[in-house]
$ cat protein_28.cif   # mmCIF, N, CA and C atoms
data_work
#
loop_
_atom_site.label_atom_id
_atom_site.label_comp_id
_atom_site.auth_asym_id
_atom_site.auth_seq_id
_atom_site.Cartn_x
_atom_site.Cartn_y
_atom_site.Cartn_z
N MET I 1 122.09 115.18 179.29
CA MET I 1 123.21 115.48 178.42
C MET I 1 123.39 114.32 177.44
N GLU I 2 123.56 114.63 176.18
CA GLU I 2 123.75 113.61 175.17
C GLU I 2 125.18 113.13 175.19
N SER I 3 125.39 111.86 174.88
CA SER I 3 126.75 111.34 174.84
C SER I 3 127.50 111.99 173.69
N GLY I 4 128.78 112.21 173.91
CA GLY I 4 129.60 112.85 172.89
C GLY I 4 129.56 114.36 172.96
N MET I 5 128.68 114.92 173.80
CA MET I 5 128.57 116.36 173.93
C MET I 5 129.60 116.83 174.96
N ALA I 6 130.42 117.80 174.59
CA ALA I 6 131.46 118.28 175.49
C ALA I 6 130.85 119.16 176.58
N LEU I 7 131.37 119.02 177.80
CA LEU I 7 130.94 119.86 178.91
C LEU I 7 131.72 121.15 178.92
N SER I 8 131.05 122.22 179.31
CA SER I 8 131.79 123.47 179.53
C SER I 8 132.61 123.27 180.80
N LEU I 9 133.58 124.13 181.03
CA LEU I 9 134.40 124.03 182.23
C LEU I 9 133.53 124.14 183.48
N GLU I 10 132.59 125.09 183.47
CA GLU I 10 131.71 125.26 184.64
C GLU I 10 130.89 123.99 184.89
N ASP I 11 130.32 123.41 183.83
CA ASP I 11 129.54 122.18 183.98
C ASP I 11 130.41 121.03 184.48
N PHE I 12 131.63 120.96 183.99
CA PHE I 12 132.56 119.92 184.42
C PHE I 12 132.84 120.06 185.91
N LEU I 13 133.08 121.28 186.38
CA LEU I 13 133.37 121.52 187.79
C LEU I 13 132.16 121.22 188.68
N VAL I 14 130.97 121.60 188.21
CA VAL I 14 129.75 121.30 188.96
C VAL I 14 129.56 119.79 189.05
N ARG I 15 129.76 119.09 187.94
CA ARG I 15 129.63 117.63 187.92
C ARG I 15 130.61 117.00 188.90
N ALA I 16 131.83 117.51 188.95
CA ALA I 16 132.84 116.99 189.88
C ALA I 16 132.39 117.20 191.33
N ARG I 17 131.80 118.35 191.63
CA ARG I 17 131.31 118.62 192.99
C ARG I 17 130.18 117.67 193.37
N VAL I 18 129.28 117.41 192.43
CA VAL I 18 128.16 116.51 192.68
C VAL I 18 128.69 115.09 192.95
N LEU I 19 129.61 114.64 192.13
CA LEU I 19 130.17 113.30 192.32
C LEU I 19 130.93 113.19 193.63
N LYS I 20 131.64 114.23 194.00
CA LYS I 20 132.36 114.24 195.27
C LYS I 20 131.38 114.14 196.44
N LEU I 21 130.28 114.90 196.36
CA LEU I 21 129.25 114.85 197.39
C LEU I 21 128.65 113.45 197.47
N TYR I 22 128.36 112.85 196.34
CA TYR I 22 127.77 111.51 196.29
C TYR I 22 128.71 110.48 196.93
N ARG I 23 129.97 110.52 196.54
CA ARG I 23 130.95 109.58 197.11
C ARG I 23 131.09 109.78 198.62
N HIS I 24 131.12 111.04 199.06
CA HIS I 24 131.24 111.35 200.48
C HIS I 24 130.04 110.80 201.25
N ALA I 25 128.84 110.99 200.71
CA ALA I 25 127.63 110.48 201.36
C ALA I 25 127.67 108.96 201.46
N LEU I 26 128.12 108.29 200.40
CA LEU I 26 128.20 106.83 200.43
C LEU I 26 129.24 106.35 201.44
N ARG I 27 130.36 107.06 201.54
CA ARG I 27 131.38 106.69 202.54
C ARG I 27 130.83 106.81 203.95
N ILE I 28 130.11 107.89 204.22
CA ILE I 28 129.53 108.08 205.55
C ILE I 28 128.46 107.02 205.82
N SER I 29 127.72 106.62 204.80
CA SER I 29 126.67 105.62 204.99
C SER I 29 127.24 104.28 205.45
N ARG I 30 128.49 104.01 205.20
CA ARG I 30 129.12 102.76 205.66
C ARG I 30 129.17 102.68 207.18
N ARG I 31 129.10 103.83 207.86
CA ARG I 31 129.15 103.86 209.32
C ARG I 31 127.79 103.63 209.95
N ALA I 32 126.73 103.64 209.15
CA ALA I 32 125.38 103.43 209.68
C ALA I 32 125.27 102.00 210.20
N PRO I 33 124.32 101.75 211.11
CA PRO I 33 124.12 100.38 211.59
C PRO I 33 123.85 99.44 210.42
N PRO I 34 124.33 98.21 210.51
CA PRO I 34 124.20 97.28 209.37
C PRO I 34 122.77 97.14 208.83
N HIS I 35 121.77 97.15 209.69
CA HIS I 35 120.39 96.97 209.22
C HIS I 35 119.87 98.18 208.45
N ALA I 36 120.56 99.32 208.54
CA ALA I 36 120.08 100.55 207.89
C ALA I 36 120.90 100.94 206.66
N ARG I 37 122.02 100.29 206.44
CA ARG I 37 122.94 100.72 205.36
C ARG I 37 122.33 100.66 203.98
N ALA I 38 121.71 99.55 203.64
CA ALA I 38 121.17 99.40 202.28
C ALA I 38 120.10 100.45 202.01
N ASP I 39 119.21 100.66 203.00
CA ASP I 39 118.16 101.67 202.82
C ASP I 39 118.77 103.07 202.67
N LEU I 40 119.77 103.37 203.48
CA LEU I 40 120.41 104.68 203.42
C LEU I 40 121.09 104.90 202.07
N ARG I 41 121.79 103.88 201.58
CA ARG I 41 122.42 104.00 200.25
C ARG I 41 121.37 104.20 199.16
N GLN I 42 120.24 103.51 199.29
CA GLN I 42 119.17 103.66 198.30
C GLN I 42 118.59 105.07 198.33
N ILE I 43 118.42 105.62 199.52
CA ILE I 43 117.91 106.99 199.65
C ILE I 43 118.88 107.98 199.01
N ILE I 44 120.18 107.81 199.28
CA ILE I 44 121.19 108.69 198.71
C ILE I 44 121.14 108.63 197.19
N ARG I 45 121.11 107.41 196.66
CA ARG I 45 121.07 107.24 195.21
C ARG I 45 119.80 107.87 194.62
N GLN I 46 118.67 107.65 195.28
CA GLN I 46 117.40 108.18 194.78
C GLN I 46 117.40 109.71 194.76
N GLU I 47 117.98 110.32 195.80
CA GLU I 47 118.08 111.79 195.83
C GLU I 47 118.87 112.29 194.62
N MET I 48 119.96 111.61 194.30
CA MET I 48 120.77 112.01 193.14
C MET I 48 119.99 111.79 191.85
N GLU I 49 119.34 110.65 191.73
CA GLU I 49 118.58 110.35 190.51
C GLU I 49 117.43 111.33 190.31
N ASN I 50 116.77 111.73 191.40
CA ASN I 50 115.63 112.65 191.29
C ASN I 50 116.02 113.98 190.65
N ASN I 51 117.27 114.36 190.79
CA ASN I 51 117.72 115.66 190.28
C ASN I 51 118.73 115.53 189.14
N ARG I 52 118.83 114.36 188.59
CA ARG I 52 119.83 114.08 187.56
C ARG I 52 119.72 115.01 186.35
N ASN I 53 118.52 115.33 185.95
CA ASN I 53 118.32 116.11 184.72
C ASN I 53 118.10 117.59 184.97
N CYS I 54 118.39 118.05 186.16
CA CYS I 54 118.22 119.46 186.48
C CYS I 54 119.26 120.28 185.72
N ASN I 55 118.80 121.32 185.02
CA ASN I 55 119.71 122.18 184.25
C ASN I 55 119.74 123.61 184.77
N ASP I 56 118.98 123.88 185.81
CA ASP I 56 118.90 125.22 186.40
C ASP I 56 120.10 125.41 187.33
N LYS I 57 121.04 126.26 186.91
CA LYS I 57 122.29 126.43 187.65
C LYS I 57 122.07 126.88 189.09
N GLN I 58 121.10 127.77 189.30
CA GLN I 58 120.83 128.23 190.65
C GLN I 58 120.28 127.08 191.50
N ARG I 59 119.39 126.30 190.95
CA ARG I 59 118.84 125.14 191.68
C ARG I 59 119.94 124.12 191.97
N ILE I 60 120.83 123.89 191.02
CA ILE I 60 121.93 122.95 191.23
C ILE I 60 122.81 123.41 192.38
N ARG I 61 123.12 124.71 192.43
CA ARG I 61 123.93 125.24 193.54
C ARG I 61 123.22 125.04 194.87
N PHE I 62 121.89 125.28 194.88
CA PHE I 62 121.12 125.06 196.10
C PHE I 62 121.16 123.58 196.50
N LEU I 63 120.96 122.68 195.54
CA LEU I 63 120.95 121.25 195.84
C LEU I 63 122.29 120.78 196.39
N ILE I 64 123.38 121.29 195.84
CA ILE I 64 124.71 120.93 196.35
C ILE I 64 124.88 121.42 197.78
N SER I 65 124.52 122.67 198.04
CA SER I 65 124.63 123.21 199.40
C SER I 65 123.76 122.44 200.37
N ASP I 66 122.54 122.15 199.96
CA ASP I 66 121.63 121.39 200.80
C ASP I 66 122.18 119.98 201.06
N GLY I 67 122.71 119.37 200.03
CA GLY I 67 123.29 118.03 200.16
C GLY I 67 124.46 118.02 201.12
N ILE I 68 125.32 119.03 201.05
CA ILE I 68 126.46 119.12 201.95
C ILE I 68 125.98 119.21 203.40
N GLU I 69 124.96 120.04 203.63
CA GLU I 69 124.41 120.18 204.99
C GLU I 69 123.78 118.88 205.47
N ARG I 70 123.07 118.20 204.60
CA ARG I 70 122.42 116.95 204.98
C ARG I 70 123.45 115.87 205.28
N VAL I 71 124.52 115.80 204.51
CA VAL I 71 125.58 114.82 204.76
C VAL I 71 126.29 115.15 206.07
N LYS I 72 126.52 116.44 206.32
CA LYS I 72 127.14 116.85 207.57
C LYS I 72 126.26 116.43 208.76
N HIS I 73 124.96 116.64 208.62
CA HIS I 73 124.02 116.26 209.69
C HIS I 73 124.03 114.74 209.90
N LEU I 74 124.06 113.97 208.82
CA LEU I 74 124.14 112.51 208.93
C LEU I 74 125.41 112.10 209.65
N ASP I 75 126.52 112.71 209.28
CA ASP I 75 127.81 112.41 209.90
C ASP I 75 127.75 112.69 211.40
N GLU I 76 127.20 113.84 211.78
CA GLU I 76 127.11 114.20 213.20
C GLU I 76 126.16 113.26 213.95
N THR I 77 125.07 112.88 213.32
CA THR I 77 124.12 111.95 213.95
C THR I 77 124.78 110.60 214.20
N LEU I 78 125.51 110.11 213.22
CA LEU I 78 126.19 108.82 213.40
C LEU I 78 127.27 108.92 214.47
N ASP I 79 127.96 110.07 214.54
CA ASP I 79 128.94 110.28 215.61
C ASP I 79 128.28 110.22 216.97
N MET I 80 127.14 110.91 217.12
CA MET I 80 126.45 110.93 218.41
C MET I 80 125.97 109.55 218.82
N GLN I 81 125.65 108.72 217.83
CA GLN I 81 125.17 107.37 218.11
C GLN I 81 126.32 106.38 218.31
N GLY I 82 127.55 106.88 218.14
CA GLY I 82 128.72 106.02 218.34
C GLY I 82 129.03 105.11 217.17
N HIS I 83 128.64 105.52 215.96
CA HIS I 83 128.90 104.69 214.76
C HIS I 83 130.03 105.28 213.96
#

$ encode --input "protein_28.cif" --output "structure tokens"
Amino acid sequence: MESGMALSLEDFLVRARVLKLYRHALRISRRAPPHARADLRQIIRQEMENNRNCNDKQRIRFLISDGIERVKHLDETLDMQGH
């Protein structure tokens, strides 16, 4: 997206969902063991960067759903490990 270009309402809402997912993943990563946190944060960031320029709305919806499931799985794994 070029700077100065206005987002449609739908694009704005999708962007908000992506940012919410990213922040949630980073918050959960704080509970990881200290030796794994930096790597986990880097993986989360890289996943977002890999799909930064995706413009396919169906793919974006899939990526958000997949991301939510993966974050949920990470959260449950850390719970089971007592973190």

$ closest_atom_pairs --input "protein_28.cif" --of "segment 22-48 of chain I" --to "segment 70-80 of chain I" --cutoff "7 Å" --atoms "all atoms listed in the file" --output "CSV"
residue,atom,partner,partner_atom,distance
I:His24,C,I:Val71,CA,7.0
I:Ala25,CA,I:Val71,CA,5.9
I:Ile28,CA,I:Asp75,CA,6.4
I:Arg31,C,I:Leu78,CA,6.4
I:Ala32,CA,I:Leu78,CA,6.6

$ select_by_dssp --input "protein_28.cif" --residues "segment 20-65 of chain I" --states "alpha helix (DSSP H)" --output "ChimeraX atom specification"
/I:20-29,34-50,57-65

$ atom_distance --input "protein_28.cif" --atom1 "atom N of Arg15 of chain I" --atom2 "atom CA of Leu40 of chain I"
23.1 Å

$ residues_near_point --input "protein_28.cif" --point "(123.9, 104.6, 201.1)" --cutoff "5 Å" --atoms "all atoms listed in the file" --output "list in words"
Leu26, Ser29, Leu40, Arg41 and Gln42 of chain I

$ atom_distance --input "protein_28.cif" --atom1 "atom CA of Arg30 of chain I" --atom2 "atom CA of His83 of chain I"
9.3 Å

$ atom_distance --input "protein_28.cif" --atom1 "atom CA of Gln81 of chain I" --atom2 "atom CA of Gly67 of chain I"
21.0 Å

$ closest_residue --input "protein_28.cif" --among "I:Ala36, I:Ile68, I:Arg61, I:Cys54" --to "Arg23 of chain I" --atoms "only C-alpha atoms"
I:Ile68

$ residues_around --input "protein_28.cif" --residues "Tyr22 of chain I" --least-positions-apart "3" --cutoff "9 Å" --atoms "only C-alpha atoms" --output "ChimeraX atom specification"
/I:17-19,25-27,44-45,48,67

$ closest_residue --input "protein_28.cif" --among "I:Ile64, I:Ala38, I:Ile43, I:Leu7" --to "Leu21 of chain I" --atoms "only C-alpha atoms"
I:Ile64

$ build_atoms --input "protein_28.cif" --residues "segment 31-42 of chain I" --atoms "all heavy atoms" --output "compact mmCIF listing (two decimals), in the coordinates of the input"
# COMPACT_ATOMS: atom_id res chain seq x y z
N ARG I 31 129.10 103.83 207.86
CA ARG I 31 129.15 103.86 209.32
C ARG I 31 127.79 103.63 209.95
O ARG I 31 127.70 103.49 211.16
CB ARG I 31 129.72 105.20 209.80
CG ARG I 31 131.17 105.38 209.41
CD ARG I 31 131.79 106.68 209.90
NE ARG I 31 131.08 107.33 210.96
CZ ARG I 31 130.74 108.62 210.96
NH1 ARG I 31 131.04 109.40 209.95
NH2 ARG I 31 130.10 109.16 211.99
N ALA I 32 126.73 103.64 209.15
CA ALA I 32 125.38 103.43 209.68
C ALA I 32 125.27 102.00 210.20
O ALA I 32 126.03 101.11 209.79
CB ALA I 32 124.35 103.68 208.58
N PRO I 33 124.32 101.75 211.11
CA PRO I 33 124.12 100.38 211.59
C PRO I 33 123.85 99.44 210.42
O PRO I 33 123.20 99.85 209.44
CB PRO I 33 122.88 100.50 212.49
CG PRO I 33 122.80 101.94 212.86
CD PRO I 33 123.41 102.71 211.72
N PRO I 34 124.33 98.21 210.51
CA PRO I 34 124.20 97.28 209.37
C PRO I 34 122.77 97.14 208.83
O PRO I 34 122.59 97.08 207.61
CB PRO I 34 124.69 95.95 209.95
CG PRO I 34 125.62 96.34 211.06
CD PRO I 34 125.06 97.62 211.63
N HIS I 35 121.77 97.15 209.69
CA HIS I 35 120.39 96.97 209.22
C HIS I 35 119.87 98.18 208.45
O HIS I 35 118.87 98.08 207.75
CB HIS I 35 119.46 96.68 210.41
CG HIS I 35 119.33 97.82 211.37
ND1 HIS I 35 120.25 98.04 212.38
CD2 HIS I 35 118.42 98.82 211.46
CE1 HIS I 35 119.88 99.12 213.06
NE2 HIS I 35 118.78 99.62 212.52
N ALA I 36 120.56 99.32 208.54
CA ALA I 36 120.08 100.55 207.89
C ALA I 36 120.90 100.94 206.66
O ALA I 36 120.49 101.82 205.90
CB ALA I 36 120.11 101.70 208.89
N ARG I 37 122.02 100.29 206.44
CA ARG I 37 122.94 100.72 205.36
C ARG I 37 122.33 100.66 203.98
O ARG I 37 122.43 101.62 203.21
CB ARG I 37 124.21 99.87 205.39
CG ARG I 37 125.13 100.26 206.48
CD ARG I 37 126.43 99.48 206.43
NE ARG I 37 127.07 99.63 207.73
CZ ARG I 37 127.73 98.68 208.34
NH1 ARG I 37 127.88 97.50 207.77
NH2 ARG I 37 128.25 98.90 209.52
N ALA I 38 121.71 99.55 203.64
CA ALA I 38 121.17 99.40 202.28
C ALA I 38 120.10 100.45 202.01
O ALA I 38 120.08 101.06 200.94
CB ALA I 38 120.61 97.99 202.09
N ASP I 39 119.21 100.66 203.00
CA ASP I 39 118.16 101.67 202.82
C ASP I 39 118.77 103.07 202.67
O ASP I 39 118.33 103.86 201.85
CB ASP I 39 117.19 101.67 204.00
CG ASP I 39 116.28 100.45 203.99
OD1 ASP I 39 116.13 99.82 202.92
OD2 ASP I 39 115.71 100.15 205.05
N LEU I 40 119.77 103.37 203.48
CA LEU I 40 120.41 104.68 203.42
C LEU I 40 121.09 104.90 202.07
O LEU I 40 120.94 105.95 201.45
CB LEU I 40 121.42 104.83 204.56
CG LEU I 40 122.09 106.18 204.72
CD1 LEU I 40 121.08 107.30 204.84
CD2 LEU I 40 123.02 106.15 205.94
N ARG I 41 121.79 103.88 201.58
CA ARG I 41 122.42 104.00 200.25
C ARG I 41 121.37 104.20 199.16
O ARG I 41 121.57 104.98 198.23
CB ARG I 41 123.27 102.76 199.95
CG ARG I 41 124.62 102.79 200.62
CD ARG I 41 125.54 101.74 200.05
NE ARG I 41 125.07 100.39 200.30
CZ ARG I 41 125.42 99.64 201.33
NH1 ARG I 41 126.27 100.11 202.22
NH2 ARG I 41 124.95 98.43 201.48
N GLN I 42 120.24 103.51 199.29
CA GLN I 42 119.17 103.66 198.30
C GLN I 42 118.59 105.07 198.33
O GLN I 42 118.32 105.66 197.29
CB GLN I 42 118.07 102.62 198.54
CG GLN I 42 116.96 102.66 197.51
CD GLN I 42 117.45 102.44 196.10
OE1 GLN I 42 118.35 101.64 195.87
NE2 GLN I 42 116.89 103.16 195.15
